[in-house]
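Engineer: Please see the structure below; I have some questions.
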Amino acid sequence: MRDARVASGELVVEIGAGSGMLTQPLLAVGARVVAVEPDRAFAARLRRGCPEARIVERGWRDVPWPGERFRVVANVPFAEAAEICRSLFSDPRVPLTAADLIVEWDFAAKRARLWPSTAQTVVWSAWYELAVVRRLPPSFFVPAPSVAAGILRARRREVPLVDPRQAVRYEVFVRRQFQTDPRAREIDPHGWAVRFRP
């Protein structure tokens with residue numbers, strides 16, 4: 001929570017809030033928390049233990065992202081991390097300011113590295129700075145997963161590398177280049193923004 005630097009009054013969406021291990025510290029720093037938790041028993045527990053939070057008893061796919069500036073702090077289901085990140089990072093119209101996501105270690109490392117790059121990382125990097133904050137061994141979790149986790153951090157760029165109005169065209173451009181140019185993985189995200197001519 002100290003690494004995330006959540007400020008009092010910030011709107012925070014927590015995906016998969018579970019028993020409230022992150023919900024309670026978020027509330028303690030004064031965040032306005034929307035805790036998304038589809039499990040009925042966990043949701044009831046959250047209502048009892050975190051009455052200041054808004055508990056949404058649904059899966060994250062059934063919950064629209066807020067219309068105001070918000071951030072996400074979550075221990076996301078490893079199997080759904082890619083889909084969650086695509087939903088958050090691919091469209092710059094989503095008013096996301098930051099995300100701190102506990103994900104599988106390999107996923108975090110792959111998405112944060114500059115080289116060799118992936119088409120998905122290049123697209124997201126037009127709007128966000130991506131980094132791995134720390135590695136979390138399986139022993140940190142109960143029950144322990146079979147793999148290590150990492151904290152993937154995303155911070156919205158003050159100045160995007162590509163005009164957000166060109167988001168769809170930019171993604172088409174990047175994916176086409178990755179399919180046709182064998183050297184595509186060697187170009188860093190900044191280089192792709194320079195090459196793109198709307």
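Every chain in the structure tokens has a letter given in the order shown (A, B, ...), and although residue numbers restart at 1 in each chain, ligands are simply numbered from 1 in the order shown.
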For region 75-192 of chain A against region 13-28 of chain A, with a cut-off of 8 Å and counting only C-alpha atoms, what is the closest atom pair and its distance in Å to one decimal for every residue that makes the cut, ordered by chain and number, as JSON lines?
Structural biologist:
```
{"residue": "A:Asn75", "atom": "CA", "partner": "A:Gly16", "partner_atom": "CA", "distance": 6.9}
{"residue": "A:Val76", "atom": "CA", "partner": "A:Gly16", "partner_atom": "CA", "distance": 6.2}
{"residue": "A:Pro77", "atom": "CA", "partner": "A:Gly16", "partner_atom": "CA", "distance": 7.4}
```
Engineer: Produce a file of the selected residues containing C-alpha atoms, as a PDB file, in the first residue's frame.
Structural biologist:
```pdb
ATOM      1  CA  ASN A  75      -4.751  -8.898  -6.437  1.00  0.00           C
ATOM      2  CA  VAL A  76      -6.265 -10.054  -9.713  1.00  0.00           C
ATOM      3  CA  PRO A  77      -7.009 -13.668 -10.692  1.00  0.00           C
TER       4      PRO A  77
END
```
Engineer: Give the strand (DSSP E or B) residues of region 67-122 of chain A, as assigned by DSSP on the backbone, as a list in words.
Structural biologist: Phe70, Arg71, Val72, Val73, Ala74, Asn75, Leu96, Thr97, Ala98, Ala99, Asp100, Leu101, Ile102, Val103 and Glu104 of chain A
Engineer: Of the candidates A:Ala108, A:Ala119, A:Ala154, A:Val56, which shows the shortest atom-to-atom distance to Gln177 (chain A), using only C-alpha atoms?
Structural biologist: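 Of the candidates, the smallest distance to Gln177 (chain A) is held by A:Ala119.
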Engineer: Quick one: residues within 7 Å of Ile55 (chain A), only C-alpha atoms counted, chain neighbours fewer than 6 positions away excluded, as a PyMOL selection string?
Structural biologist: chain A and resi 34-36+43+47
Engineer: With only C-alpha atoms as the atoms that count, which of A:Val72, A:Trp124, A:Gly150, A:Pro92 lies nearest to Asp106 (chain A)?
Structural biologist: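 When distances to Asp106 (chain A) are compared using only C-alpha atoms, the smallest one comes from A:Gly150.
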Engineer: Point out the residue among A:Arg165, A:Arg175, A:Arg111, A:Arg93 with the least atom-to-atom distance to Ile151 (chain A), counting only C-alpha atoms.
Structural biologist: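 Closest to Ile151 (chain A) of all the choices is A:Arg111.
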Engineer: Compile the contact shell of Val159 (chain A) as a PyMOL selection string: residues with an atom at most 10 Å away, counting only C-alpha atoms, same-chain residues fewer than 5 positions apart removed.
Structural biologist: chain A and resi 126-128
Engineer: Let me see the file: selected residues, C-alpha atoms, as a PDB file, in the first residue's frame.
Structural biologist:
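Dumped everything to result.pdb:
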```pdb
ATOM      1  CA  ALA A 126       1.604   4.849 -25.654  1.00  0.00           C
ATOM      2  CA  TRP A 127      -0.611   5.862 -22.730  1.00  0.00           C
ATOM      3  CA  TYR A 128       1.032   4.293 -19.659  1.00  0.00           C
TER       4      TYR A 128
END
```
Engineer: Would you please work out which residue, of A:Arg113, A:Val162, A:Pro137, A:Glu129, is nearest to Arg185 (chain A) when using only C-alpha atoms?
Structural biologist: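 Smallest distance to Arg185 (chain A) is found for A:Arg113.
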Engineer: So which one's closest to Gln166 (chain A), A:Cys85, A:Val122, A:Ala184, A:Ala193? Using only C-alpha atoms, please.
Structural biologist: A:Ala193
Engineer: Using only C-alpha atoms, which residues sit within 8 Å of Ala99 (chain A) once same-chain residues fewer than 4 positions away are excluded, as a list in words?
Structural biologist: Arg71, Val72, Val73, Leu152, Arg153, Ala154 and Arg155 of chain A
Engineer: Can you spit out the residues from that selection as a compact mmCIF listing (two decimals), in the first residue's frame, using N, CA and C atoms?
Structural biologist:
```txt
# COMPACT_ATOMS: atom_id res chain seq x y z
N ARG A 71 -8.28 4.87 -9.98
CA ARG A 71 -7.15 3.97 -10.06
C ARG A 71 -7.59 2.58 -9.62
N VAL A 72 -6.76 1.60 -9.92
CA VAL A 72 -7.06 0.22 -9.53
C VAL A 72 -5.93 -0.30 -8.66
N VAL A 73 -6.29 -0.91 -7.56
CA VAL A 73 -5.35 -1.63 -6.71
C VAL A 73 -5.99 -2.99 -6.48
N LEU A 152 2.64 -5.36 -10.95
CA LEU A 152 2.74 -4.62 -12.19
C LEU A 152 2.15 -3.24 -11.95
N ARG A 153 2.96 -2.23 -12.18
CA ARG A 153 2.52 -0.85 -11.97
C ARG A 153 2.32 -0.16 -13.31
N ALA A 154 1.22 0.55 -13.44
CA ALA A 154 0.95 1.37 -14.62
C ALA A 154 0.62 2.78 -14.15
N ARG A 155 1.28 3.76 -14.76
CA ARG A 155 1.01 5.16 -14.46
C ARG A 155 0.72 5.88 -15.76
```
Engineer: If you run DSSP over the backbone, which residues in region 2-53 of chain A end up alpha helix (DSSP H)? Put them as a ChimeraX atom specification.
Structural biologist: /A:23-28,40-49
Engineer: Can you tell me how far CA of Phe70 (chain A) sits from CA of Pro38 (chain A), in Å to one decimal?
Structural biologist: 20.6 Å
Engineer: Rank A:Arg135, A:Arg32, A:Arg58, A:Arg5 by their smallest atom-to-atom distance to Glu104 (chain A), using only C-alpha atoms, and report the top residue only.
Structural biologist: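 Of the candidates, the smallest distance to Glu104 (chain A) is held by A:Arg135.
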Engineer: Between CA of Thr118 (chain A) and CA of Val63 (chain A), measure the distance and give it in Å to one decimal.
Structural biologist: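 It comes out at 28.3 Å.
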